[in-house]
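This is run.csv (CSV, C-alpha atoms).
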chain,number,residue,atom,x,y,z
A,1,MET,CA,1.2,-1.8,-4.1
A,2,TYR,CA,-1.5,-4.5,-3.4
A,3,SER,CA,-5.1,-3.6,-3.0
A,4,PHE,CA,-7.4,-4.9,-0.3
A,5,THR,CA,-9.8,-2.1,-1.1
A,6,ASN,CA,-12.6,-4.3,-2.6
A,7,ASP,CA,-13.5,-7.6,-4.2
A,8,TYR,CA,-13.9,-6.4,-7.7
A,9,SER,CA,-10.5,-4.9,-8.4
A,10,GLU,CA,-9.6,-7.8,-10.7
A,11,GLY,CA,-11.4,-8.5,-13.9
A,12,ALA,CA,-12.9,-12.0,-14.0
A,13,HIS,CA,-12.0,-15.6,-13.5
A,14,PRO,CA,-10.1,-17.0,-16.5
A,15,ARG,CA,-12.8,-19.5,-17.2
A,16,ILE,CA,-15.3,-16.7,-17.7
A,17,LEU,CA,-13.0,-14.8,-19.9
A,18,LYS,CA,-12.4,-17.9,-22.0
A,19,ALA,CA,-16.1,-18.6,-22.3
A,20,LEU,CA,-16.7,-15.0,-23.5
A,21,LEU,CA,-13.9,-15.3,-26.0
A,22,ASP,CA,-15.0,-18.7,-27.3
A,23,THR,CA,-18.5,-17.3,-28.0
A,24,ASN,CA,-17.4,-13.8,-29.1
A,25,LEU,CA,-18.3,-14.1,-32.8
A,26,GLU,CA,-21.6,-16.0,-32.3
A,27,GLN,CA,-24.7,-14.0,-33.3
A,28,THR,CA,-27.4,-14.3,-30.6
A,29,THR,CA,-30.7,-12.7,-29.8
A,30,GLY,CA,-30.4,-9.6,-27.6
A,31,TYR,CA,-31.8,-8.4,-24.3
A,32,GLY,CA,-31.4,-11.6,-22.4
A,33,GLU,CA,-33.4,-13.8,-24.7
A,34,ASP,CA,-30.3,-15.6,-26.1
A,35,LYS,CA,-29.7,-19.3,-25.4
A,36,TYR,CA,-27.0,-18.7,-22.9
A,37,SER,CA,-29.1,-16.4,-20.7
A,38,LEU,CA,-32.1,-18.8,-20.9
A,39,GLU,CA,-29.8,-21.7,-20.0
A,40,ALA,CA,-28.4,-19.7,-17.1
A,41,ILE,CA,-31.8,-18.9,-15.8
A,42,ALA,CA,-32.9,-22.5,-16.0
A,43,LEU,CA,-29.7,-23.5,-14.1
A,44,LEU,CA,-30.3,-20.9,-11.4
A,45,LYS,CA,-33.9,-22.2,-10.9
A,46,GLU,CA,-32.4,-25.6,-10.5
A,47,LYS,CA,-29.9,-24.4,-8.0
A,48,THR,CA,-32.5,-22.6,-5.9
A,49,GLY,CA,-34.8,-25.6,-6.0
A,50,ARG,CA,-37.7,-23.6,-7.3
A,51,GLN,CA,-39.0,-23.8,-10.8
A,52,ASP,CA,-41.7,-21.2,-10.1
A,53,VAL,CA,-39.3,-18.3,-9.4
A,54,ASP,CA,-38.5,-15.6,-11.9
A,55,VAL,CA,-34.8,-15.0,-12.6
A,56,HIS,CA,-33.5,-11.8,-14.2
A,57,LEU,CA,-29.9,-11.0,-15.0
A,58,LEU,CA,-28.9,-7.3,-14.5
A,59,PRO,CA,-25.6,-5.6,-14.9
A,60,GLY,CA,-24.9,-4.3,-11.4
A,61,GLY,CA,-25.9,-4.1,-7.8
A,62,THR,CA,-27.1,-0.6,-7.5
A,63,GLN,CA,-29.1,-1.0,-10.7
A,64,THR,CA,-30.6,-4.2,-9.3
A,65,ASN,CA,-31.6,-2.6,-6.0
A,66,LEU,CA,-33.2,0.5,-7.6
A,67,THR,CA,-35.0,-1.4,-10.3
A,68,ALA,CA,-36.4,-4.0,-8.0
A,69,LEU,CA,-37.4,-1.8,-5.1
A,70,SER,CA,-39.0,0.8,-7.2
A,71,ALA,CA,-40.9,-1.9,-9.1
A,72,PHE,CA,-42.1,-3.6,-5.9
A,73,LEU,CA,-43.3,-0.4,-4.1
A,74,ARG,CA,-46.2,1.9,-4.7
A,75,PRO,CA,-45.4,5.7,-4.6
A,76,HIS,CA,-46.2,6.2,-0.9
A,77,GLU,CA,-44.4,3.1,0.3
A,78,ALA,CA,-41.0,3.1,2.0
A,79,VAL,CA,-38.0,0.8,2.8
A,80,ILE,CA,-36.8,-0.2,6.3
A,81,ALA,CA,-33.0,-0.6,6.3
A,82,PRO,CA,-30.1,-0.7,8.7
A,83,ASP,CA,-28.1,2.6,9.0
A,84,THR,CA,-25.1,0.8,7.4
A,85,ALA,CA,-27.2,-0.4,4.3
A,86,HIS,CA,-25.6,0.0,0.9
A,87,ILE,CA,-28.8,1.5,-0.5
A,88,LEU,CA,-28.6,4.2,2.3
A,89,VAL,CA,-24.9,5.0,2.3
A,90,HIS,CA,-23.3,4.1,-1.0
A,91,GLU,CA,-25.9,4.4,-3.8
A,92,THR,CA,-26.1,8.2,-4.2
A,93,GLY,CA,-29.7,8.3,-3.1
A,94,ALA,CA,-30.8,6.0,-6.0
A,95,ILE,CA,-33.8,4.6,-4.1
A,96,GLU,CA,-34.9,8.0,-3.0
A,97,ALA,CA,-34.5,9.2,-6.5
A,98,THR,CA,-37.2,6.8,-7.5
A,99,GLY,CA,-39.5,8.4,-5.0
A,100,HIS,CA,-39.2,6.0,-2.1
A,101,LYS,CA,-38.0,7.0,1.4
A,102,ILE,CA,-35.5,4.8,3.2
A,103,ILE,CA,-36.3,4.6,6.9
A,104,SER,CA,-32.9,4.2,8.6
A,105,VAL,CA,-32.6,2.0,11.7
A,106,THR,CA,-29.5,2.3,14.0
A,107,VAL,CA,-28.0,-1.2,14.4
A,108,ASP,CA,-24.9,-2.5,16.2
A,109,ASP,CA,-23.6,-5.1,13.8
A,110,GLY,CA,-25.1,-4.3,10.4
A,111,LYS,CA,-28.1,-6.6,11.0
A,112,LEU,CA,-31.8,-5.9,11.4
A,113,VAL,CA,-33.8,-7.8,14.0
A,114,PRO,CA,-37.6,-8.0,14.4
A,115,ASP,CA,-37.6,-5.4,17.2
A,116,HIS,CA,-36.1,-2.9,14.7
A,117,VAL,CA,-38.9,-3.5,12.3
A,118,LYS,CA,-41.6,-3.4,15.0
A,119,ARG,CA,-40.3,0.0,16.2
A,120,VAL,CA,-40.6,1.5,12.7
A,121,LEU,CA,-44.1,0.1,12.3
A,122,ASP,CA,-45.1,1.5,15.7
A,123,GLU,CA,-43.8,5.0,14.7
A,124,HIS,CA,-45.6,5.1,11.3
A,125,THR,CA,-49.3,5.0,12.0
A,126,ASP,CA,-51.3,6.9,9.4
A,127,GLU,CA,-51.4,8.5,6.0
A,128,HIS,CA,-49.5,11.6,7.1
A,129,MET,CA,-46.3,9.5,7.0
A,130,VAL,CA,-44.8,7.1,4.4
A,131,LYS,CA,-46.0,3.6,4.8
A,132,PRO,CA,-43.3,1.0,5.6
A,133,ARG,CA,-43.6,-1.8,3.1
A,134,LEU,CA,-40.3,-3.5,2.4
A,135,VAL,CA,-37.6,-4.8,4.7
A,136,TYR,CA,-34.1,-4.6,3.1
A,137,ILE,CA,-31.1,-6.6,4.4
A,138,SER,CA,-27.8,-7.6,2.8
A,139,ASN,CA,-25.9,-10.8,3.4
A,140,SER,CA,-23.1,-10.5,4.1
A,141,THR,CA,-23.7,-7.1,5.6
A,142,GLU,CA,-21.7,-3.9,4.9
A,143,VAL,CA,-19.7,-4.6,8.1
A,144,GLY,CA,-19.0,-8.3,7.2
A,145,THR,CA,-21.5,-9.9,9.5
A,146,VAL,CA,-23.8,-12.7,8.3
A,147,TYR,CA,-27.4,-13.7,9.1
A,148,ASN,CA,-28.1,-17.2,10.3
A,149,ARG,CA,-31.2,-19.2,9.5
A,150,SER,CA,-33.0,-18.3,12.8
A,151,GLU,CA,-32.4,-14.6,12.2
A,152,ILE,CA,-33.8,-14.8,8.7
A,153,GLU,CA,-36.7,-16.9,9.8
A,154,GLU,CA,-37.6,-14.3,12.5
A,155,LEU,CA,-37.5,-11.5,10.0
A,156,HIS,CA,-39.5,-13.5,7.6
A,157,LYS,CA,-42.2,-14.0,10.2
A,158,ILE,CA,-42.6,-10.4,11.2
A,159,CYS,CA,-42.7,-9.5,7.5
A,160,CYS,CA,-45.5,-12.0,6.9
A,161,ASP,CA,-47.4,-11.0,10.0
A,162,ASN,CA,-47.3,-7.3,9.0
A,163,HIS,CA,-47.8,-7.6,5.2
A,164,LEU,CA,-44.2,-6.5,4.5
A,165,LEU,CA,-42.0,-7.5,1.6
A,166,PHE,CA,-38.7,-9.0,2.4
A,167,PHE,CA,-35.7,-8.3,0.1
A,168,MET,CA,-32.1,-9.4,0.4
A,169,ASP,CA,-29.1,-7.7,-1.3
A,170,GLY,CA,-26.8,-10.5,-2.3
A,171,ALA,CA,-23.9,-8.6,-3.7
A,172,ARG,CA,-21.7,-10.7,-1.4
A,173,LEU,CA,-24.0,-13.7,-1.0
A,174,GLY,CA,-21.3,-16.1,-2.0
A,175,SER,CA,-19.1,-15.1,0.9
A,176,ALA,CA,-22.1,-15.3,3.3
A,177,LEU,CA,-23.1,-18.8,2.2
A,178,THR,CA,-19.6,-20.3,2.4
A,179,CYS,CA,-18.4,-18.8,5.6
A,180,SER,CA,-17.9,-20.7,8.9
A,181,GLN,CA,-21.0,-19.2,10.6
A,182,ASN,CA,-23.5,-19.9,7.9
A,183,ASP,CA,-26.3,-22.4,8.2
A,184,LEU,CA,-28.3,-21.4,5.1
A,185,SER,CA,-28.2,-22.8,1.6
A,186,LEU,CA,-29.1,-21.1,-1.6
A,187,ASN,CA,-32.3,-23.2,-2.0
A,188,ASP,CA,-33.5,-22.0,1.4
A,189,LEU,CA,-33.8,-18.4,0.2
A,190,PRO,CA,-36.8,-18.5,-2.1
A,191,ASP,CA,-38.9,-19.8,0.8
A,192,LEU,CA,-37.7,-17.1,3.1
A,193,MET,CA,-37.4,-14.0,0.8
A,194,ASP,CA,-39.9,-12.4,-1.5
A,195,ALA,CA,-36.9,-11.5,-3.7
A,196,PHE,CA,-33.1,-11.6,-3.5
A,197,TYR,CA,-30.1,-11.5,-5.8
A,198,ILE,CA,-27.0,-13.5,-6.3
A,199,GLY,CA,-24.0,-11.2,-6.8
A,200,GLY,CA,-21.6,-12.0,-9.5
A,201,THR,CA,-19.6,-8.7,-9.8
A,202,LYS,CA,-18.0,-9.3,-6.4
A,203,ASN,CA,-17.4,-13.0,-6.8
A,204,GLY,CA,-15.5,-13.6,-10.0
A,205,ALA,CA,-17.7,-12.3,-12.7
A,206,LEU,CA,-16.8,-9.4,-15.0
A,207,LEU,CA,-20.2,-7.9,-14.1
A,208,GLY,CA,-23.7,-9.1,-13.3
A,209,GLU,CA,-26.3,-9.9,-10.7
A,210,ALA,CA,-29.0,-12.5,-10.8
A,211,LEU,CA,-32.3,-11.3,-9.3
A,212,VAL,CA,-34.6,-14.1,-8.0
A,213,ILE,CA,-38.3,-13.1,-7.5
A,214,SER,CA,-40.3,-15.7,-5.6
A,215,ARG,CA,-43.4,-13.7,-4.6
A,216,GLU,CA,-46.0,-14.0,-7.4
A,217,GLU,CA,-47.4,-10.5,-7.2
A,218,LEU,CA,-44.0,-9.0,-7.8
A,219,LYS,CA,-43.3,-10.8,-11.1
A,220,ALA,CA,-45.6,-9.0,-13.6
A,221,ASP,CA,-44.0,-6.7,-16.1
A,222,PHE,CA,-40.6,-6.7,-14.5
A,223,ARG,CA,-38.7,-6.6,-17.8
A,224,PHE,CA,-40.6,-3.3,-18.5
A,225,HIS,CA,-39.1,-1.9,-15.3
A,226,MET,CA,-35.7,-3.2,-16.3
A,227,LYS,CA,-35.8,-1.5,-19.6
A,228,GLN,CA,-37.1,1.8,-18.1
A,229,LYS,CA,-34.2,1.8,-15.6
A,230,GLY,CA,-31.5,1.0,-18.2
A,231,ALA,CA,-31.0,-2.5,-16.8
A,232,LEU,CA,-32.0,-4.6,-19.9
A,233,LEU,CA,-28.6,-5.2,-21.4
A,234,ALA,CA,-28.6,-5.3,-25.2
A,235,LYS,CA,-25.8,-7.9,-25.2
A,236,GLY,CA,-27.5,-9.9,-22.5
A,237,ARG,CA,-25.6,-13.0,-23.4
A,238,LEU,CA,-22.6,-11.5,-21.6
A,239,LEU,CA,-24.4,-12.0,-18.4
A,240,GLY,CA,-25.8,-15.4,-19.2
A,241,ILE,CA,-22.5,-16.9,-20.2
A,242,GLN,CA,-20.9,-15.7,-17.0
A,243,PHE,CA,-23.6,-17.2,-14.7
A,244,LEU,CA,-23.5,-20.5,-16.7
A,245,GLU,CA,-19.7,-20.7,-15.9
A,246,LEU,CA,-20.2,-19.7,-12.3
A,247,PHE,CA,-22.9,-22.3,-11.5
A,248,ALA,CA,-22.3,-25.2,-13.9
A,249,ASP,CA,-20.0,-26.9,-11.4
A,250,ASP,CA,-20.3,-24.5,-8.4
A,251,LEU,CA,-17.3,-22.4,-9.3
A,252,TYR,CA,-19.3,-19.6,-7.7
A,253,PHE,CA,-19.0,-21.2,-4.2
A,254,GLU,CA,-15.3,-22.3,-4.8
A,255,LEU,CA,-14.4,-18.7,-5.5
A,256,ALA,CA,-16.3,-17.4,-2.4
A,257,ARG,CA,-14.6,-20.0,-0.2
A,258,HIS,CA,-11.2,-18.9,-1.4
A,259,ALA,CA,-12.0,-15.2,-0.6
A,260,ASN,CA,-13.2,-16.3,2.9
A,261,GLU,CA,-10.1,-18.4,3.5
A,262,MET,CA,-7.8,-15.6,2.7
A,263,ALA,CA,-9.8,-13.3,5.0
A,264,MET,CA,-9.6,-15.8,7.9
A,265,ILE,CA,-5.8,-16.0,7.5
A,266,LEU,CA,-5.7,-12.2,7.7
A,267,ARG,CA,-7.9,-12.2,10.7
A,268,LYS,CA,-5.9,-14.9,12.6
A,269,GLY,CA,-2.6,-13.1,11.9
A,270,ILE,CA,-4.0,-9.7,13.0
A,271,GLU,CA,-5.4,-11.2,16.2
A,272,GLU,CA,-2.1,-12.9,16.9
A,273,ALA,CA,-0.4,-9.6,16.5
A,274,GLY,CA,-2.6,-8.3,19.4
A,275,TYR,CA,-5.1,-6.2,17.6
A,276,GLN,CA,-8.9,-6.1,17.9
A,277,PHE,CA,-11.7,-5.8,15.3
A,278,LEU,CA,-14.6,-3.5,14.8
A,279,THR,CA,-17.0,-6.5,14.1
A,280,ASP,CA,-17.0,-10.2,14.4
A,281,SER,CA,-16.9,-10.9,10.7
A,282,PRO,CA,-16.6,-14.5,9.3
A,283,SER,CA,-16.8,-13.2,5.7
A,284,ASN,CA,-14.3,-11.7,3.2
A,285,GLN,CA,-14.5,-8.2,4.8
A,286,GLN,CA,-12.3,-7.7,7.9
A,287,PHE,CA,-12.2,-4.5,10.0
A,288,PRO,CA,-9.1,-4.4,12.3
A,289,ILE,CA,-8.5,-1.5,14.6
A,290,LEU,CA,-4.9,-0.3,14.2
A,291,PRO,CA,-2.8,2.7,15.4
A,292,ASP,CA,-3.0,5.6,13.0
A,293,LYS,CA,0.8,5.7,12.7
A,294,ILE,CA,0.8,2.1,11.4
A,295,ILE,CA,-2.1,2.7,9.1
A,296,THR,CA,-0.2,5.6,7.5
A,297,GLU,CA,2.9,3.4,6.9
A,298,LEU,CA,0.8,0.5,5.5
A,299,GLN,CA,-0.8,2.8,3.0
A,300,ALA,CA,2.5,3.2,1.3
A,301,LYS,CA,2.3,-0.4,0.2
A,302,TYR,CA,-1.4,-1.5,0.4
A,303,GLY,CA,-4.7,-0.2,-0.6
A,304,PHE,CA,-7.6,-0.3,1.8
A,305,ASN,CA,-10.4,1.9,3.1
A,306,ILE,CA,-10.2,3.7,6.5
A,307,GLY,CA,-13.3,3.4,8.6
A,308,PRO,CA,-14.4,5.1,11.8
A,309,ARG,CA,-11.9,6.7,14.2
A,310,MET,CA,-12.0,4.8,17.5
A,311,ASP,CA,-10.0,7.3,19.6
A,312,ALA,CA,-7.3,9.9,19.3
A,313,GLU,CA,-4.7,7.4,18.1
A,314,ASN,CA,-6.6,4.4,16.5
A,315,SER,CA,-8.9,3.8,13.6
A,316,ALA,CA,-10.7,0.8,12.0
A,317,ILE,CA,-9.7,-0.1,8.4
A,318,ARG,CA,-11.5,-2.4,6.0
A,319,LEU,CA,-9.5,-5.2,4.3
A,320,VAL,CA,-11.4,-7.0,1.6
A,321,THR,CA,-10.2,-10.3,0.0
A,322,SER,CA,-11.4,-11.6,-3.3
A,323,TRP,CA,-11.6,-14.8,-5.4
A,324,ALA,CA,-8.2,-13.9,-6.8
A,325,THR,CA,-6.3,-12.8,-3.6
A,326,PRO,CA,-3.1,-14.7,-3.4
A,327,TRP,CA,-1.8,-16.2,-0.2
A,328,GLU,CA,1.5,-14.4,-0.7
A,329,ALA,CA,-0.2,-10.9,-0.5
A,330,VAL,CA,-1.9,-11.9,2.7
A,331,ASN,CA,1.3,-13.2,4.2
A,332,GLU,CA,3.3,-10.2,3.2
A,333,PHE,CA,0.7,-7.8,4.7
A,334,LEU,CA,0.8,-9.7,8.0
A,335,ASN,CA,4.6,-9.7,8.0
A,336,ASP,CA,4.6,-5.9,7.4
A,337,LEU,CA,2.1,-5.3,10.1
A,338,SER,CA,4.1,-7.3,12.6
A,339,ALA,CA,7.3,-5.5,11.6
A,340,ARG,CA,5.7,-2.1,12.1
A,341,LYS,CA,4.3,-3.0,15.4
A,342,ASN,CA,7.8,-3.6,16.7
A,343,ILE,CA,9.1,-0.3,15.3
A,344,ILE,CA,6.3,2.0,16.6

Take the structure in the file and write it out as structure tokens.
Amino acid sequence: MYSFTNDYSEGAHPRILKALLDTNLEQTTGYGEDKYSLEAIALLKEKTGRQDVDVHLLPGGTQTNLTALSAFLRPHEAVIAPDTAHILVHETGAIEATGHKIISVTVDDGKLVPDHVKRVLDEHTDEHMVKPRLVYISNSTEVGTVYNRSEIEELHKICCDNHLLFFMDGARLGSALTCSQNDLSLNDLPDLMDAFYIGGTKNGALLGEALVISREELKADFRFHMKQKGALLAKGRLLGIQFLELFADDLYFELARHANEMAMILRKGIEEAGYQFLTDSPSNQQFPILPDKIITELQAKYGFNIGPRMDAENSAIRLVTSWATPWEAVNEFLNDLSARKNII
């Protein structure tokens, strides 16, 4: 059985495990004030090209989203998000549990556009409704699509024009920034986003996300919010060491490129077998539409998620490649898919 279910099934890149082992018996200061965390934060500031940003290391994506959004918003303020958003679908109501409504917008490809934002603003007009205050996107999105520079710039503009905060969930940012359709770089983001995070959990780290806050008014007392939400890790060095390894020589991007390359081999082979896709994804998530009979047979040998049913006989599935996905597993899947097509 080989799993294409997600990109965090494996533990961590061997270099990270070695670094953790090599420093295991060192005694360091706790709660992210150790030398490794401070060095990692300095390195990330360098990589983003902005010394004036605040960088915080948190254990996981859901924790980062709920800690950041609840800290940034006043009690009556709400989040605008696509209907596929992770905070809306897969975080057990974490944002709402902090008292903030998520205003869901129906989208076709996982991406928000300015017209979506404008429509929400037009519908929320007075104090009898929640006040839209923050625009949430993820890159790559939950359906594998990515934002290009012009799309981000357009969203940035409507946020500035309407006094909205702009936040990017970067759980799979590595995949987005290294895919074939990308024209953004990491150091573009602090100028375009009020805050965003760099996902480590889904790109070779054992755990960890790096939140970057570029808007000055959002920086104050953030570590208080982290502590209150259980996001201030006592053994904070575990996060710092990992981000040092990921960014010291751009291992982070190397791992993301590998995941994308394996996904593109999958996509090409599935297309050559004659199947279509739910979305045009250039990232490490692929959503082929397959006959249900073939899906059932493939499940005996491979792990993956089953998505929406397309008709009485076909459904979309999600195949996710990771930093550790071997070419052999991809090739075997494609061979098995072709063989089953000939049988059924």

*Which residue out of A:Leu238, A:Ala81, A:Ala324, A:Ile317 has the minimum interatomic distance to Ser37 of chain A when only C-alpha atoms are used?*
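For Ser37 of chain A, the nearest of the candidates is A:Leu238.
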
Just the residues within 8 Å of Ala71 of chain A, please, counting only C-alpha atoms, with nothing from its chain fewer than 3 positions along; format it as a CSV table (one decimal) with C-alpha atoms, in the frame of the given file.
chain,number,residue,atom,x,y,z
A,67,THR,CA,-35.0,-1.4,-10.3
A,68,ALA,CA,-36.4,-4.0,-8.0
A,74,ARG,CA,-46.2,1.9,-4.7
A,218,LEU,CA,-44.0,-9.0,-7.8
A,222,PHE,CA,-40.6,-6.7,-14.5
A,225,HIS,CA,-39.1,-1.9,-15.3

What are the closest atom pairs, with distances in Å to one decimal, for all residues of segment 46-80 of chain A lying within 10 Å of segment 101-125 of chain A? Consider all atoms listed in the file, order rows by chain and residue number, and present the result as CSV.
residue,atom,partner,partner_atom,distance
A:Pro75,CA,A:Lys101,CA,9.6
A:His76,CA,A:Lys101,CA,8.6
A:Glu77,CA,A:Lys101,CA,7.6
A:Ala78,CA,A:Lys101,CA,5.0
A:Val79,CA,A:Ile102,CA,4.7
A:Ile80,CA,A:Ile103,CA,4.9

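The spacing separating atom CA of Tyr31 of chain A from atom CA of Arg237 of chain A amounts to 7.8 Å.
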
*Separation of atom CA of Gly170 of chain A and atom CA of Thr28 of chain A, in Å?*
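So the answer is 28.6 Å.
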
*Compile the contact shell of Cys160 of chain A as number ranges by chain: residues with an atom at most 12 Å away, counting all atoms listed in the file, same-chain residues fewer than 4 positions apart removed.*
A: 114, 133-135, 153-156, 164-166, 191-194, 215

_For atom CA of Pro59 of chain A and atom CA of Glu91 of chain A, the interatomic separation in Å (one decimal)_ = 14.9 Å

*Nearest to Thr98 of chain A among A:Ala171, A:Ser70, A:Asn314, A:Asp249, with distances taken over all atoms listed in the file: which residue is it?*
A:Ser70

*Considering all atoms listed in the file, return as an MDAnalysis selection string whatever protein or nucleic-acid residues lie within 10 Å of Leu38 of chain A, sequence-local ones (same chain, fewer than 2 positions apart) excluded.*
chainID A and resid 32:36 40:44 55:56 237 240:241 244

_At a cut-off of 8 Å around the point (-12.5, -8.1, 3.2) (file coordinates), what residues fall inside when counting only C-alpha atoms? I'd like the answer as a VMD selection string._
chain A and resid 4 to 7 144 263 283 to 287 318 to 322

*Residue among A:Met262, A:Met1, A:Ile306, A:Leu255 lying closest to Ile289 of chain A, counting all atoms listed in the file*: A:Ile306

*Select, from A:Tyr2, A:Glu151, A:Leu278, A:Asn139, the residue with the minimum atom-to-atom distance to Tyr302 of chain A, counting all atoms listed in the file.*
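Closest residue, counting all atoms listed in the file: A:Tyr2.
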
*For Glu297 of chain A, which residue out of A:Thr23, A:Asp336, A:Lys202, A:Leu251 is the nearest one, using all atoms listed in the file?*
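Of all the options, A:Asp336 lies closest to Glu297 of chain A.
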
*Give as a PyMOL selection string each residue that has an atom at most 12 Å from (-26.9, 5.8, -6.8) in the file, counting all atoms listed in the file.*
chain A and resi 60-67+86-98

Exercise on segment 208-211 of chain A, axis-aligned box with 4 Å per side, report centre and edge lengths in Å to one decimal, as JSON:
{"center_x": -28.0, "center_y": -10.8, "center_z": -11.3, "size_x": 16.6, "size_y": 11.4, "size_z": 12.0}

_Report as JSON, numbers by chain all protein, DNA and RNA residues lying within 9 Å of Ala256 of chain A, evaluated on only C-alpha atoms, omitting residues in the same chain fewer than 2 positions from it._
{"A": [172, 173, 174, 175, 176, 177, 178, 179, 203, 204, 251, 252, 253, 254, 258, 259, 260, 261, 284, 322, 323]}

*Give the answer as one residue: which of A:Ile198, A:Ala205, A:Ile137, A:Met264 has the shortest atom-to-atom distance to Leu17 of chain A, using all atoms listed in the file?*
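Closest to Leu17 of chain A of all the choices is A:Ala205.
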
*Leaving out Ile265 of chain A and any residue of its chain fewer than 3 positions from it, which residues lie within 10 Å of it when counting only C-alpha atoms, given as an MDAnalysis selection string?*
chainID A and resid 260:262 268:271 327 330:331 334

Write the residues of the preceding selection, restricted to C-alpha atoms, as a PDB file, in the coordinates of the input.
ATOM      1  CA  ASN A 260     -13.200 -16.300   2.900  1.00  0.00           C
ATOM      2  CA  GLU A 261     -10.100 -18.400   3.500  1.00  0.00           C
ATOM      3  CA  MET A 262      -7.800 -15.600   2.700  1.00  0.00           C
ATOM      4  CA  LYS A 268      -5.900 -14.900  12.600  1.00  0.00           C
ATOM      5  CA  GLY A 269      -2.600 -13.100  11.900  1.00  0.00           C
ATOM      6  CA  ILE A 270      -4.000  -9.700  13.000  1.00  0.00           C
ATOM      7  CA  GLU A 271      -5.400 -11.200  16.200  1.00  0.00           C
ATOM      8  CA  TRP A 327      -1.800 -16.200  -0.200  1.00  0.00           C
ATOM      9  CA  VAL A 330      -1.900 -11.900   2.700  1.00  0.00           C
ATOM     10  CA  ASN A 331       1.300 -13.200   4.200  1.00  0.00           C
ATOM     11  CA  LEU A 334       0.800  -9.700   8.000  1.00  0.00           C
TER      12      LEU A 334
END

Reconstructed N, CA and C atoms for segment 171-183 of chain A, given as an mmCIF file, in the frame of the given file:
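File produced: rebuild.cif:
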data_model
loop_
_atom_site.group_PDB
_atom_site.id
_atom_site.type_symbol
_atom_site.label_atom_id
_atom_site.label_comp_id
_atom_site.auth_asym_id
_atom_site.auth_seq_id
_atom_site.Cartn_x
_atom_site.Cartn_y
_atom_site.Cartn_z
ATOM 1 N N ALA A 171 -25.115 -8.958 -2.969
ATOM 2 C CA ALA A 171 -23.900 -8.600 -3.700
ATOM 3 C C ALA A 171 -22.722 -9.491 -3.213
ATOM 4 N N ARG A 172 -22.700 -9.834 -1.920
ATOM 5 C CA ARG A 172 -21.700 -10.700 -1.400
ATOM 6 C C ARG A 172 -22.294 -12.012 -0.815
ATOM 7 N N LEU A 173 -23.329 -12.489 -1.488
ATOM 8 C CA LEU A 173 -24.000 -13.700 -1.000
ATOM 9 C C LEU A 173 -23.111 -14.900 -1.008
ATOM 10 N N GLY A 174 -22.233 -14.999 -1.988
ATOM 11 C CA GLY A 174 -21.300 -16.100 -2.000
ATOM 12 C C GLY A 174 -20.474 -16.237 -0.780
ATOM 13 N N SER A 175 -19.936 -15.106 -0.333
ATOM 14 C CA SER A 175 -19.100 -15.100 0.900
ATOM 15 C C SER A 175 -19.968 -15.496 2.092
ATOM 16 N N ALA A 176 -21.203 -15.004 2.166
ATOM 17 C CA ALA A 176 -22.100 -15.300 3.300
ATOM 18 C C ALA A 176 -22.379 -16.830 3.339
ATOM 19 N N LEU A 177 -22.702 -17.412 2.192
ATOM 20 C CA LEU A 177 -23.100 -18.800 2.200
ATOM 21 C C LEU A 177 -22.002 -19.803 2.350
ATOM 22 N N THR A 178 -20.763 -19.365 2.220
ATOM 23 C CA THR A 178 -19.600 -20.300 2.400
ATOM 24 C C THR A 178 -18.795 -20.007 3.604
ATOM 25 N N CYS A 179 -19.227 -19.089 4.462
ATOM 26 C CA CYS A 179 -18.400 -18.800 5.600
ATOM 27 C C CYS A 179 -18.720 -19.757 6.775
ATOM 28 N N SER A 180 -17.871 -19.743 7.783
ATOM 29 C CA SER A 180 -17.900 -20.700 8.900
ATOM 30 C C SER A 180 -19.192 -20.607 9.717
ATOM 31 N N GLN A 181 -19.788 -19.428 9.798
ATOM 32 C CA GLN A 181 -21.000 -19.200 10.600
ATOM 33 C C GLN A 181 -22.285 -19.448 9.920
ATOM 34 N N ASN A 182 -22.233 -19.802 8.646
ATOM 35 C CA ASN A 182 -23.500 -19.900 7.900
ATOM 36 C C ASN A 182 -24.161 -21.260 8.076
ATOM 37 N N ASP A 183 -25.486 -21.225 8.172
ATOM 38 C CA ASP A 183 -26.300 -22.400 8.200
ATOM 39 C C ASP A 183 -27.451 -22.369 7.203
#
